[in-house]
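In what follows, a single structure is set out as structure tokens and then discussed.
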Amino acid sequence: MAYVKINKDRCKGCGLCIQNCKLALLVIVEDELNVLGYHPVGFVDGEGECKGCKFCAETCPDCAIEVYK
Amino acid sequence: MAYVKINKDRCKGCGLCIQNCKLALLVIVEDELNVLGYHPVGFVDGEGECKGCKFCAETCPDCAIEVYK
Amino acid sequence: MTTEAKDKPKKVYGRPESLKDVGFHFCPGCNHGNVHKMVAEAIDEFGVREKTIGVAGVGCGVFLYNYIDIDVLEAPHGRACAEATGVSRVHPDHVVFTYQGDGDLAAIGIAETIHAANRGEHITVLFVNNTVYGMTGGQMAPTTLLGQKTTTSPYGREFMGEGYPIKMAEMLATLEGTAFVARVACNTPKNIMAAKRAIKKAFKMQIDKMGFTFVEILSACPTNWGMDAVTANKRVEEEMIPYFPLGILKERTTADYL
Amino acid sequence: MTTEAKDKPKKVYGRPESLKDVGFHFCPGCNHGNVHKMVAEAIDEFGVREKTIGVAGVGCGVFLYNYIDIDVLEAPHGRACAEATGVSRVHPDHVVFTYQGDGDLAAIGIAETIHAANRGEHITVLFVNNTVYGMTGGQMAPTTLLGQKTTTSPYGREFMGEGYPIKMAEMLATLEGTAFVARVACNTPKNIMAAKRAIKKAFKMQIDKMGFTFVEILSACPTNWGMDAVTANKRVEEEMIPYFPLGILKERTTADYL
Amino acid sequence: MMKGAEAIAEGAIHAGCRFYFGYPITPQNDIPEYLSRELPKVGGTFLQAESEVASINMLLGASAAGARVMTSSSGPGISLKQEGISYLAGSELPGVIAYVSRIGPGLGGIAATQGDYKQVTAGGGHGDYYTIALAPSSVQEMFSLTKLAFDLSDKYRNPAIVLADAILGQMKEPVEIGERPALEDIEMPEKPWALTGAEGRDAQLVKSLFLGDGEMEVQNWKLYDKYEKLKKEDTYYEELQLEDARLMIVSFGSCSRMVLSGIEMARAEGLKVGLLRPISIYPFPEEAVRKASEAINKVLVIEMNTGQMVKDVKVSVDRAADVHFYGRPGGGLPTPDDILAEIKKVY
Amino acid sequence: MMKGAEAIAEGAIHAGCRFYFGYPITPQNDIPEYLSRELPKVGGTFLQAESEVASINMLLGASAAGARVMTSSSGPGISLKQEGISYLAGSELPGVIAYVSRIGPGLGGIAATQGDYKQVTAGGGHGDYYTIALAPSSVQEMFSLTKLAFDLSDKYRNPAIVLADAILGQMKEPVEIGERPALEDIEMPEKPWALTGAEGRDAQLVKSLFLGDGEMEVQNWKLYDKYEKLKKEDTYYEELQLEDARLMIVSFGSCSRMVLSGIEMARAEGLKVGLLRPISIYPFPEEAVRKASEAINKVLVIEMNTGQMVKDVKVSVDRAADVHFYGRPGGGLPTPDDILAEIKKVY
Amino acid sequence: MYHDVIMAGFGGQGILLIGDMLAQAGMIMGLNVTWMPSYGVEMRGGTANTTVVVSDKRIGSPITGRPFSVIAMNGPSLEKFNTWVRPEGLIIANTSMADKSIVKRDDVDAVFMPCLELAVEVGADRAASMTALGAYVEKTGVVTIDALGKALESYLTGKKAKFIPMNKAAIERGALFAREGK
Amino acid sequence: MYHDVIMAGFGGQGILLIGDMLAQAGMIMGLNVTWMPSYGVEMRGGTANTTVVVSDKRIGSPITGRPFSVIAMNGPSLEKFNTWVRPEGLIIANTSMADKSIVKRDDVDAVFMPCLELAVEVGADRAASMTALGAYVEKTGVVTIDALGKALESYLTGKKAKFIPMNKAAIERGALFAREGK
Ligand SMILES: Cc1ncc(C[n+]2csc(CCOP(=O)(O)OP(=O)(O)O)c2C)c(N)n1
Ligand SMILES: Cc1ncc(C[n+]2csc(CCOP(=O)(O)OP(=O)(O)O)c2C)c(N)n1
Ligand code: SF4
Ligand code: SF4
Ligand code: SF4
Ligand code: SF4
Ligand code: SF4
Ligand code: SF4
Ligand SMILES: [Mg+2]
Ligand SMILES: [Mg+2]
């Protein structure tokens, strides 16, 4: 039941959240460019795997991820 | 045979040499005033006790004592 | 718990209240952002937003005031601890902290830092160590690692002539005036959690008037390290932490004045 | 040995050659005089008078140049280590030393001292700690002992607000750039002998290019302590040494560059 | 009767200054020494900093926090404070700096001199700003101008310097100061801009960095306007025996005291000489000098330096006026006799 | 073609400078970065100090030891160096300081400005001294005036500043510099006063403390005479199209470039306007300005500040001349159009 | 002769480089030149612009608020600078990253060119700005394409020399577009 | 009325104190006064001197190179300052520590007094300088002995009050010497 919300216009595509999601639920969306000119991250969790562990959010320097659980 | 020479005009009468001569061979000469306006120290060794241990000279901050041996 | 809580997931992580809702100017993957979040979280946790005064050093963290919703003073480069001393002496019941980079604190500001620590000023010093002068374009800092190439150590830092990466936490821990000294990092969730704890502890001990509190935060500067954020994070793990070991170096249990 | 030597006593202690034949301006019983003698003795011992450059800090020791027969540079208050760095970089084969008081070195000059030490500059720093600003009339120094009254701590130094007497030798010993760190005193013949050895060792290690060498010399300032010289010497023994323990804190055995 | 340096310290206490940060340096040590004794008695804070750099920055912090605060120093220490002074001006923060000059450049010496006029009035620190600068010439003024410095500093949110020298610092004269007022009885302006914690209001900011397009130009003109206002409203000077004068002497601070004696001697010999004494050296009394010089177009500037105020006088005088200079730098004192001789030379 | 900042660095190398001590600050980082790469190649020493205070003092040490040595910085850093600069002057030591201005006061901003004219020309540090100050207006001059600064600094045993701004520091222009000469081929004066160890001579001393009775006054007058000599022998300026001019513009540094364009536009419209560009801003070309202003008594001073050079111009001009001012502080740039408009206003 | 041009775009687009190239080429031709970059805060990122002046006389101002030409490599730059161009002046706009509708004036000569596509076309994917430079030189004749080539060669030496042909191709493609409008 | 005097001697002789007393007394009498100490290097020891001016008008210079009077408590001071005294002026010299032969001029009024002996005589061994002050006031009448006494009282308060009689005695002894030459 857990999921994350990404504030795409705050994301700078640094990839730290991706590195820290052990379940690989985050990916760079290559064909999107946000207002800052970065490719933002997307949450891809087809099977509802997200544990709401917050690792992604904690590591996001730009405070672009909210976690719901 | 050891003795010390005091450069009276360099002595500031601080008394450190006196404090450190275990044989009490040095005294302030109260009735003498040197060019600096201090009562200098005198070497009083009637019985030739001085060991030339250099303690007095080492402790003299004003380098006013020479030791001979 | 109500059933509602079960039905509708609750936000379990989001923007701390004291963190203004604007984007950071930091480069992608810059740990300054993490530290800002943690500071805001600590302020929120203790409910001291309205009695906290921050002192921003000059470096990439100088815009603290754009992000954290508190009174902020901008100090000249390196002098934040002196400013914080002035502020804290006038408002002894406020929470006063400085936010400083390694150039700011360990180079030009080392005297003010050591003496504020030695006086046991009731302030918290947050020291963002990224082994480089970030804001001015990547020059050598006192914390630059041996062999590290920067714009002013183009051949790699050499201890002969340029000296050793300075360990501020260790040095400050030797002073009697310091109540809490810790070194943390932002490169893994685990380290981030420890970092948060340390920052909160520092604020708490200041609030409890225990003395000078200091947290050194090892941080990545992907831009000036010439790496992407993920590689930079690895560098923190593989090169920085071995030289700058993490942990609490000192924690006083009774206040100085007791 | 000739018989002559037996007949006519030889001078076994006198003015070192490098010490000019003029009286010191120091107050009666001031240990600055002892330190000057020791420096001159060390210079004579190694025969380096003609390749030694002294850097005088501002304090009662500023007139170094009036007494020691070597090239001397007068540095701004607190900056002697920076000046010495400049001199030593230009003349790497010379012997370069600074002569500084506790106000000079531990207060205003602490940054320059720490960083010169950290860089392992090939200089010797002689640090005359008399717990007071001598030259300016007895104000509180970073080394002033707790409870000590001075003209700017008229109610006695308190650690709350004024901080702790700072232990420079201990702090510098933690830096990798320092090769030799010792604390000595001038209050007894025994301590004076140890002080001489330490100063000579420091010069020797500099000559051998071992790195930064530092000798802290606990000294009496009878004038500003408001005591006669003999009592002042006792204070060194009874109050200073217990807080500032004597000894060699660090001695490197292999040179830095090896 | 009190020492000039102590009059500064007491003036600060009377002005409601309860925070002092400083570092020892001759010849101003009487100020911190006095305050280390007296401030605790009025609930104030005396802190000897690790350096002059630290003290000006502690002052900056305390000022930003809303307090009236002072530091004091001399030559080398004031030079070290220049960055901080520039930051005070840039951050629009008040703060009083008592400056008891010693001879420079370098370590120099501690005798009386006016060799720091340029540094005080024409910058010192970086950037387009000025420091309010008052130059007392008596122990009474050491007291009263220190108080005025606090008021002006708060009024303009700009650092203010009280510039004295070893003569003024060390001499004793009778002073009228009255009882020390209680802090709450001292009139001080509100400081809504001060950093006191964002309780019940928006968070506030004290800074000097302006990066927005054109922002800094606006800021520089704002400061400029402030200095123009300062010139109009708070220029101070004293005129003495100028009514019938044929020769006007311009002199400030302790030097003007020697000049006074010189003028007395000259008058005794029938020479019509008067004095214009700038009390605020920044702003310089340009208008007053110009006006006076229209009628008296012989001007003699006398300073204890090699001629630092001359430029200000030259820029101020009427086009027709002739400006002469007599000076003694480096601790040399122009005695009344010297001054009389000089008066005769240019009369 | 090279950057202005790099031209300063290369100028130093060509002048035989083999020691550099500095601390990062925008907008002058190209200087230390360049030298950190290049100095080791010529056997020199580049050392990044822990602060600006440390760097000016390392410079002082190296200078006392006999070396040609440079430091560089900007506003806040230069303010911190003021004590050291005063000590250099007081100890009569040479040393070159490259100053690439940023906007002040305080942290300000990094755009181009001339807001540090006062600080550079009227003191900065304590005491009765001046700093030699050269103001290049092209990348070529960034190179050549840096070399000149070393020569003058050695000649007068006095610190010398090269004052530039972000425009001059960042811009690229073609420069003629020739090959780097070998150290032994560079003409440099002997320095018998340098501290090199007392081998085969009496021990020597470099100091600025003079406590003997009257000693410091002698020292101050000695410095004064030096500055008088400097004025006579080493004042530099450029005159352009003044022969037939009705209006003389006085402008220095990067600003004079904009003025050049403005003058070109004015001339195209038939307005007879010329330029007097001070190259040495200390010593200021007083004599040249005075002479020129006898024939052309309309003077317009244009600066990128709120009017700092105006006083020098006013003191220099002929009594009959009118002095106007146009300025843009805080990073505002006077465009050629602005200048043309101003020319028309006062023409 | 006197030519001034402002070139602007994102940080990574090689703006400073093409400015430098132009100035270098001018220098090679014995002309006076200045090259002046803009600079942001003490910090990374953002947009970049550079002003280049080429003249056969001594150059006054190295900056201008009213250039003869502007090369805008992205939308924000076109927005900001198109109005600065003098009447009768020249605008080169990269339509791969800027909308031509931004330019509302008709008193200037405007070249709207899809720099990215043109560069890709000649196999010089990362040299979009070179096409704009080519177009600029073609239009103004400030320097010769030949001098530009020499400047390029002086720039790309050693390992980088292999990029010379690609860049030359981009310049020529840009020039072609300016000549033929396609 | 206008009087200026330089008082000089060794550091420990209480020079600054007698100057201060004189100024204080002037103030008590409603006159303008200045008291100006000399100061040496940033360092202890040496000689001390002070200049006191008492006047019924606004006081200009608090220092002078040509005083009306000089009080010299030791040889070096007498040596240095005796020539500064204005013709017709006054010299008070302490012959316990200075040789009267130092003064080579006869255009001044000179009081040569053995201050130490005089002080000892009235049981005020450490108040030699007070005798000189007494003589000075007697000779010049700048302030009254009475005002001087009040100044003394304002100075020596609390525990130190017990020294008042002794000091007064010294002042009076000095005055007597000045009057009667013995
Ligand atoms: C007195 C002074 N010197 C230098 C500077 C230029 N400066 C601005 S930030 C900075 C260093 C920033 O490095 P650091 O403190 O490590 O912070 P970071 O940007 O790496 O977080 C410097 C040298 C300045 N503003 N003031
Ligand atoms: C920048 C600066 N600040 C202050 C001073 C004044 N000053 C001269 S010596 C000194 C302190 C001397 O104390 P210390 O270094 O302990 O030496 P000591 O005289 O005790 O041997 C000070 C503060 C100065 N000369 N320069
Ligand atoms: S909350 Fe945990 S599991 Fe969910 S996306 Fe973030 S890191 Fe992955
Ligand atoms: S960590 Fe944050 S900024 Fe970085 S990629 Fe993930 S969401 Fe984007
Ligand atoms: S040498 Fe030794 S025994 Fe002789 S006088 Fe000195 S201390 Fe005494
Ligand atoms: S130690 Fe030296 S100065 Fe002191 S009393 Fe003895 S001889 Fe004299
Ligand atoms: S330069 Fe480095 S420290 Fe500064 S914002 Fe970018 S990554 Fe962070
Ligand atoms: S004041 Fe103190 S340190 Fe200075 S000479 Fe006198 S005793 Fe020595
Ligand atoms: Mg950093
Ligand atoms: Mg000391």
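For the structure tokens, the naming scheme is as follows: chains receive sequential letters (A, B, ...) according to their order of presentation, residues are indexed from 1 within each chain, and ligands are indexed from 1 in presentation order.
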Excluding Val128 in chain D and residues on its chain fewer than 6 positions from it, collect all residues at most 10 Å away from it, counting only C-alpha atoms, and give them as a ChimeraX atom specification. /D:31-32,35,59-61,99-105,184-185,215-220
Could you turn the residues from that selection into a file that holds C-alpha atoms, as an mmCIF file, in the first residue's frame?
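Output contents, as saved in selection_13.cif:
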data_model
loop_
_atom_site.group_PDB
_atom_site.id
_atom_site.type_symbol
_atom_site.label_atom_id
_atom_site.label_comp_id
_atom_site.auth_asym_id
_atom_site.auth_seq_id
_atom_site.Cartn_x
_atom_site.Cartn_y
_atom_site.Cartn_z
ATOM 1 C CA ASN D 31 61.830 34.586 31.817
ATOM 2 C CA HIS D 32 61.999 36.123 28.366
ATOM 3 C CA VAL D 35 64.579 32.026 26.629
ATOM 4 C CA GLY D 59 54.853 41.170 22.596
ATOM 5 C CA CYS D 60 57.620 41.736 25.119
ATOM 6 C CA GLY D 61 59.807 39.589 22.870
ATOM 7 C CA TYR D 99 59.486 33.863 18.877
ATOM 8 C CA GLN D 100 55.948 34.467 20.118
ATOM 9 C CA GLY D 101 53.962 35.140 23.250
ATOM 10 C CA ASP D 102 50.730 33.499 24.249
ATOM 11 C CA GLY D 103 48.580 36.413 23.171
ATOM 12 C CA ASP D 104 50.418 36.488 19.893
ATOM 13 C CA LEU D 105 50.343 32.790 19.149
ATOM 14 C CA VAL D 184 59.151 23.190 29.175
ATOM 15 C CA ALA D 185 59.617 25.742 31.949
ATOM 16 C CA VAL D 215 58.460 24.379 22.072
ATOM 17 C CA GLU D 216 56.122 25.938 24.590
ATOM 18 C CA ILE D 217 58.016 27.608 27.411
ATOM 19 C CA LEU D 218 56.120 28.354 30.609
ATOM 20 C CA SER D 219 57.367 31.711 31.766
ATOM 21 C CA ALA D 220 56.923 34.139 34.590
#
Need to verify the contact set: Ile8 in chain F, 6 Å, only C-alpha atoms, exclusion of same-chain residues closer than 2 positions in sequence. Can you return it as a ChimeraX atom specification? /F:5-6,10-11,142-143,146
Would you save the residues of that selection, restricted to all heavy atoms, as a short mmCIF file (atom, residue, chain, number, x, y, z; two decimals), in the first residue's frame?
data_model
loop_
_atom_site.label_atom_id
_atom_site.label_comp_id
_atom_site.auth_asym_id
_atom_site.auth_seq_id
_atom_site.Cartn_x
_atom_site.Cartn_y
_atom_site.Cartn_z
N ALA F 5 42.89 38.17 -16.30
CA ALA F 5 43.43 37.67 -15.04
C ALA F 5 44.70 36.86 -15.30
O ALA F 5 45.67 36.94 -14.54
CB ALA F 5 42.38 36.82 -14.33
N GLU F 6 44.67 36.10 -16.38
CA GLU F 6 45.85 35.30 -16.69
C GLU F 6 47.01 36.18 -17.15
O GLU F 6 48.17 35.85 -16.92
CB GLU F 6 45.50 34.24 -17.75
CG GLU F 6 44.46 33.27 -17.19
CD GLU F 6 44.10 32.15 -18.16
OE1 GLU F 6 44.48 32.22 -19.35
OE2 GLU F 6 43.44 31.20 -17.71
N GLU F 10 50.69 35.98 -15.79
CA GLU F 10 51.83 35.81 -16.69
C GLU F 10 52.77 37.01 -16.57
O GLU F 10 53.99 36.87 -16.64
CB GLU F 10 51.32 35.64 -18.13
CG GLU F 10 52.35 35.17 -19.13
CD GLU F 10 53.01 33.82 -18.78
OE1 GLU F 10 52.30 32.89 -18.36
OE2 GLU F 10 54.24 33.73 -18.93
N GLY F 11 52.19 38.18 -16.37
CA GLY F 11 53.01 39.38 -16.16
C GLY F 11 53.92 39.21 -14.96
O GLY F 11 55.09 39.61 -14.97
N MET F 142 47.04 44.70 -18.40
CA MET F 142 47.03 43.79 -17.25
C MET F 142 48.40 43.14 -17.15
O MET F 142 48.96 42.98 -16.06
CB MET F 142 45.95 42.72 -17.42
CG MET F 142 44.52 43.22 -17.41
SD MET F 142 43.90 43.73 -15.80
CE MET F 142 43.02 42.24 -15.29
N PHE F 143 48.94 42.81 -18.30
CA PHE F 143 50.26 42.20 -18.35
C PHE F 143 51.35 43.22 -18.03
O PHE F 143 52.13 43.06 -17.10
CB PHE F 143 50.48 41.59 -19.74
CG PHE F 143 51.84 41.02 -19.96
CD1 PHE F 143 52.16 39.75 -19.48
CD2 PHE F 143 52.82 41.74 -20.63
CE1 PHE F 143 53.43 39.22 -19.67
CE2 PHE F 143 54.09 41.22 -20.82
CZ PHE F 143 54.39 39.95 -20.34
N THR F 146 51.37 44.97 -14.57
CA THR F 146 51.80 44.07 -13.50
C THR F 146 53.33 44.07 -13.43
O THR F 146 53.92 44.16 -12.35
CB THR F 146 51.27 42.65 -13.73
OG1 THR F 146 49.85 42.71 -13.76
CG2 THR F 146 51.72 41.70 -12.63
#
Determine, counting only C-alpha atoms, which protein, DNA and RNA residues have an atom within 12 Å of an atom of Ala82 in chain C; residues of the same chain fewer than 2 positions away are not included. Present the result as a ChimeraX atom specification. /C:55-57,73-80,84-89,96-98,105,109-117,119,121,123,125 /E:21-22,47-62,84
File of the preceding selection, N, CA and C atoms, as a compact mmCIF listing (two decimals), in the first residue's frame:
# COMPACT_ATOMS: atom_id res chain seq x y z
N VAL C 55 23.18 31.35 11.42
CA VAL C 55 24.24 32.21 10.89
C VAL C 55 24.86 31.47 9.71
N ALA C 56 24.73 32.06 8.54
CA ALA C 56 25.22 31.41 7.33
C ALA C 56 26.64 31.84 7.03
N GLY C 57 27.52 30.88 6.86
CA GLY C 57 28.86 31.18 6.38
C GLY C 57 28.82 31.44 4.89
N LEU C 73 21.35 35.39 9.78
CA LEU C 73 22.38 36.41 9.61
C LEU C 73 23.45 35.87 8.67
N GLU C 74 23.84 36.68 7.73
CA GLU C 74 24.89 36.28 6.80
C GLU C 74 26.22 36.82 7.32
N ALA C 75 27.12 35.93 7.64
CA ALA C 75 28.41 36.34 8.22
C ALA C 75 29.46 36.50 7.13
N PRO C 76 30.46 37.31 7.36
CA PRO C 76 31.60 37.30 6.44
C PRO C 76 32.24 35.91 6.41
N HIS C 77 32.90 35.63 5.33
CA HIS C 77 33.52 34.32 5.12
C HIS C 77 34.41 33.93 6.32
N GLY C 78 34.05 32.84 6.95
CA GLY C 78 34.88 32.30 8.03
C GLY C 78 34.53 32.78 9.43
N ARG C 79 33.71 33.81 9.54
CA ARG C 79 33.51 34.43 10.86
C ARG C 79 32.21 34.02 11.55
N ALA C 80 31.51 33.05 11.00
CA ALA C 80 30.19 32.72 11.53
C ALA C 80 30.20 32.46 13.03
N ALA C 84 27.90 34.28 15.63
CA ALA C 84 27.01 33.49 16.48
C ALA C 84 27.27 33.80 17.95
N THR C 85 28.52 34.05 18.29
CA THR C 85 28.83 34.44 19.66
C THR C 85 28.10 35.74 20.01
N GLY C 86 28.19 36.71 19.11
CA GLY C 86 27.50 37.98 19.35
C GLY C 86 26.00 37.78 19.49
N VAL C 87 25.42 37.03 18.59
CA VAL C 87 23.97 36.80 18.61
C VAL C 87 23.58 36.08 19.90
N SER C 88 24.31 35.05 20.22
CA SER C 88 23.97 34.22 21.37
C SER C 88 24.16 34.98 22.69
N ARG C 89 25.13 35.89 22.73
CA ARG C 89 25.31 36.67 23.94
C ARG C 89 24.13 37.62 24.15
N VAL C 96 20.97 29.09 18.53
CA VAL C 96 21.82 29.75 17.55
C VAL C 96 22.72 28.70 16.91
N PHE C 97 22.72 28.67 15.59
CA PHE C 97 23.63 27.72 14.94
C PHE C 97 24.32 28.38 13.77
N THR C 98 25.47 27.84 13.42
CA THR C 98 26.14 28.30 12.21
C THR C 98 26.12 27.17 11.19
N LEU C 105 35.16 27.24 7.50
CA LEU C 105 35.41 26.92 8.91
C LEU C 105 36.84 26.50 9.20
N GLY C 109 38.35 30.53 8.82
CA GLY C 109 37.61 30.70 10.07
C GLY C 109 38.09 29.83 11.22
N ILE C 110 39.24 29.24 11.09
CA ILE C 110 39.64 28.27 12.12
C ILE C 110 39.83 28.93 13.49
N ALA C 111 40.31 30.14 13.52
CA ALA C 111 40.54 30.80 14.81
C ALA C 111 39.22 31.06 15.52
N GLU C 112 38.26 31.62 14.79
CA GLU C 112 36.96 31.92 15.39
C GLU C 112 36.29 30.63 15.86
N THR C 113 36.44 29.57 15.10
CA THR C 113 35.82 28.30 15.46
C THR C 113 36.44 27.75 16.74
N ILE C 114 37.75 27.67 16.77
CA ILE C 114 38.42 27.11 17.94
C ILE C 114 38.12 27.92 19.19
N HIS C 115 38.15 29.23 19.08
CA HIS C 115 37.94 30.04 20.27
C HIS C 115 36.49 30.03 20.73
N ALA C 116 35.55 29.98 19.79
CA ALA C 116 34.15 29.86 20.21
C ALA C 116 33.97 28.52 20.93
N ALA C 117 34.59 27.48 20.39
CA ALA C 117 34.51 26.16 21.01
C ALA C 117 35.15 26.20 22.39
N ARG C 119 35.56 28.67 24.34
CA ARG C 119 34.75 29.44 25.30
C ARG C 119 33.48 28.69 25.68
N GLU C 121 30.82 28.46 23.88
CA GLU C 121 29.63 29.23 23.47
C GLU C 121 28.45 28.26 23.29
N ILE C 123 26.29 27.43 21.19
CA ILE C 123 25.88 27.44 19.79
C ILE C 123 26.14 26.07 19.19
N VAL C 125 27.44 24.22 15.73
CA VAL C 125 28.14 24.47 14.49
C VAL C 125 27.97 23.28 13.56
N PHE E 21 32.99 44.04 22.67
CA PHE E 21 33.91 42.98 22.22
C PHE E 21 35.19 43.66 21.75
N GLY E 22 36.30 43.26 22.29
CA GLY E 22 37.53 43.94 21.91
C GLY E 22 38.76 43.07 22.08
N LEU E 47 33.44 41.01 26.55
CA LEU E 47 34.12 39.80 26.09
C LEU E 47 35.39 40.19 25.34
N GLN E 48 36.50 39.69 25.86
CA GLN E 48 37.75 39.89 25.12
C GLN E 48 37.83 38.80 24.06
N ALA E 49 37.85 39.24 22.82
CA ALA E 49 37.84 38.27 21.73
C ALA E 49 39.25 37.78 21.46
N GLU E 50 39.34 36.79 20.59
CA GLU E 50 40.64 36.22 20.25
C GLU E 50 41.42 37.12 19.29
N SER E 51 40.77 38.11 18.71
CA SER E 51 41.44 38.99 17.76
C SER E 51 40.53 40.16 17.43
N GLU E 52 41.05 41.12 16.72
CA GLU E 52 40.24 42.24 16.28
C GLU E 52 39.24 41.78 15.23
N VAL E 53 39.65 40.84 14.40
CA VAL E 53 38.72 40.33 13.39
C VAL E 53 37.52 39.69 14.09
N ALA E 54 37.79 38.87 15.08
CA ALA E 54 36.70 38.24 15.80
C ALA E 54 35.84 39.29 16.49
N SER E 55 36.47 40.32 17.07
CA SER E 55 35.65 41.26 17.83
C SER E 55 34.72 42.06 16.95
N ILE E 56 35.17 42.50 15.79
CA ILE E 56 34.25 43.26 14.93
C ILE E 56 33.11 42.34 14.46
N ASN E 57 33.41 41.06 14.31
CA ASN E 57 32.36 40.15 13.87
C ASN E 57 31.40 39.78 15.00
N MET E 58 31.90 39.72 16.21
CA MET E 58 31.00 39.54 17.35
C MET E 58 30.09 40.77 17.44
N LEU E 59 30.68 41.94 17.25
CA LEU E 59 29.89 43.17 17.25
C LEU E 59 28.81 43.07 16.19
N LEU E 60 29.19 42.62 15.01
CA LEU E 60 28.21 42.50 13.93
C LEU E 60 27.06 41.58 14.36
N GLY E 61 27.41 40.46 14.96
CA GLY E 61 26.38 39.53 15.41
C GLY E 61 25.46 40.16 16.45
N ALA E 62 26.06 40.81 17.44
CA ALA E 62 25.26 41.41 18.50
C ALA E 62 24.40 42.54 17.95
N GLY E 84 35.05 43.72 8.38
CA GLY E 84 33.84 43.74 9.19
C GLY E 84 33.11 45.07 9.09
If we count only C-alpha atoms, which residues of chain E reach to within 7 Å of chain F? Please list them as a ChimeraX atom specification. /E:75-76,79-80,82-83,86-87,89-91,103-109,115-116,118-119,122-129,208-211,214,216-217,220,305-306,311,314-315,319,329-332
Which residues are close to Asp125 in chain H, i.e. within 8 Å by only C-alpha atoms, leaving aside same-chain residues fewer than 5 positions away? Reply as a list of chain:residue names.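 The neighbour list is H:Leu116, H:Ala119, H:Val120.
Near range 8-10 of chain A, within a cut-off of 10 Å and counting only C-alpha atoms, sit the residues Lys5, Gly13, Glu32, Leu33, Asn34, Val35, Leu36, Gly37, Tyr38, His39, Pro40, Val41, Gly42, Asp62, Cys63, Ala64 and Ile65 of chain A; Val22, Gly23 and Phe24 of chain C, with same-chain residues fewer than 3 positions away left out.
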Please, which residues in chain A fall within 12 Å of ligand 7 when counting only C-alpha atoms and all ligand atoms, and what is the closest atom pair and distance in Å to one decimal for each, ordered by chain then residue number, as JSON lines?
{"residue": "A:Lys12", "atom": "CA", "partner": "ligand 7", "partner_atom_place_in_ligand_line": "7 (S)", "distance": 11.9}
{"residue": "A:Cys14", "atom": "CA", "partner": "ligand 7", "partner_atom_place_in_ligand_line": "7 (S)", "distance": 10.9}
{"residue": "A:Pro61", "atom": "CA", "partner": "ligand 7", "partner_atom_place_in_ligand_line": "8 (Fe)", "distance": 10.0}
{"residue": "A:Asp62", "atom": "CA", "partner": "ligand 7", "partner_atom_place_in_ligand_line": "5 (S)", "distance": 11.3}
Using only C-alpha atoms, which protein or nucleic acid residues come within 8 Å of Ala182 in chain C? Drop anything in the same chain fewer than 2 positions from it, and give the result as a VMD selection string. chain C and resid 169 180 184 198 214 to 216 246 to 250
Would you mind reading off the distance between CA of Val181 in chain D and atom 7 (S, counted along the ligand's line) of ligand 8, one decimal, in Å?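 Result for CA of Val181 in chain D versus atom 7 (S, counted along the ligand's line) of ligand 8: 24.9 Å, one decimal.
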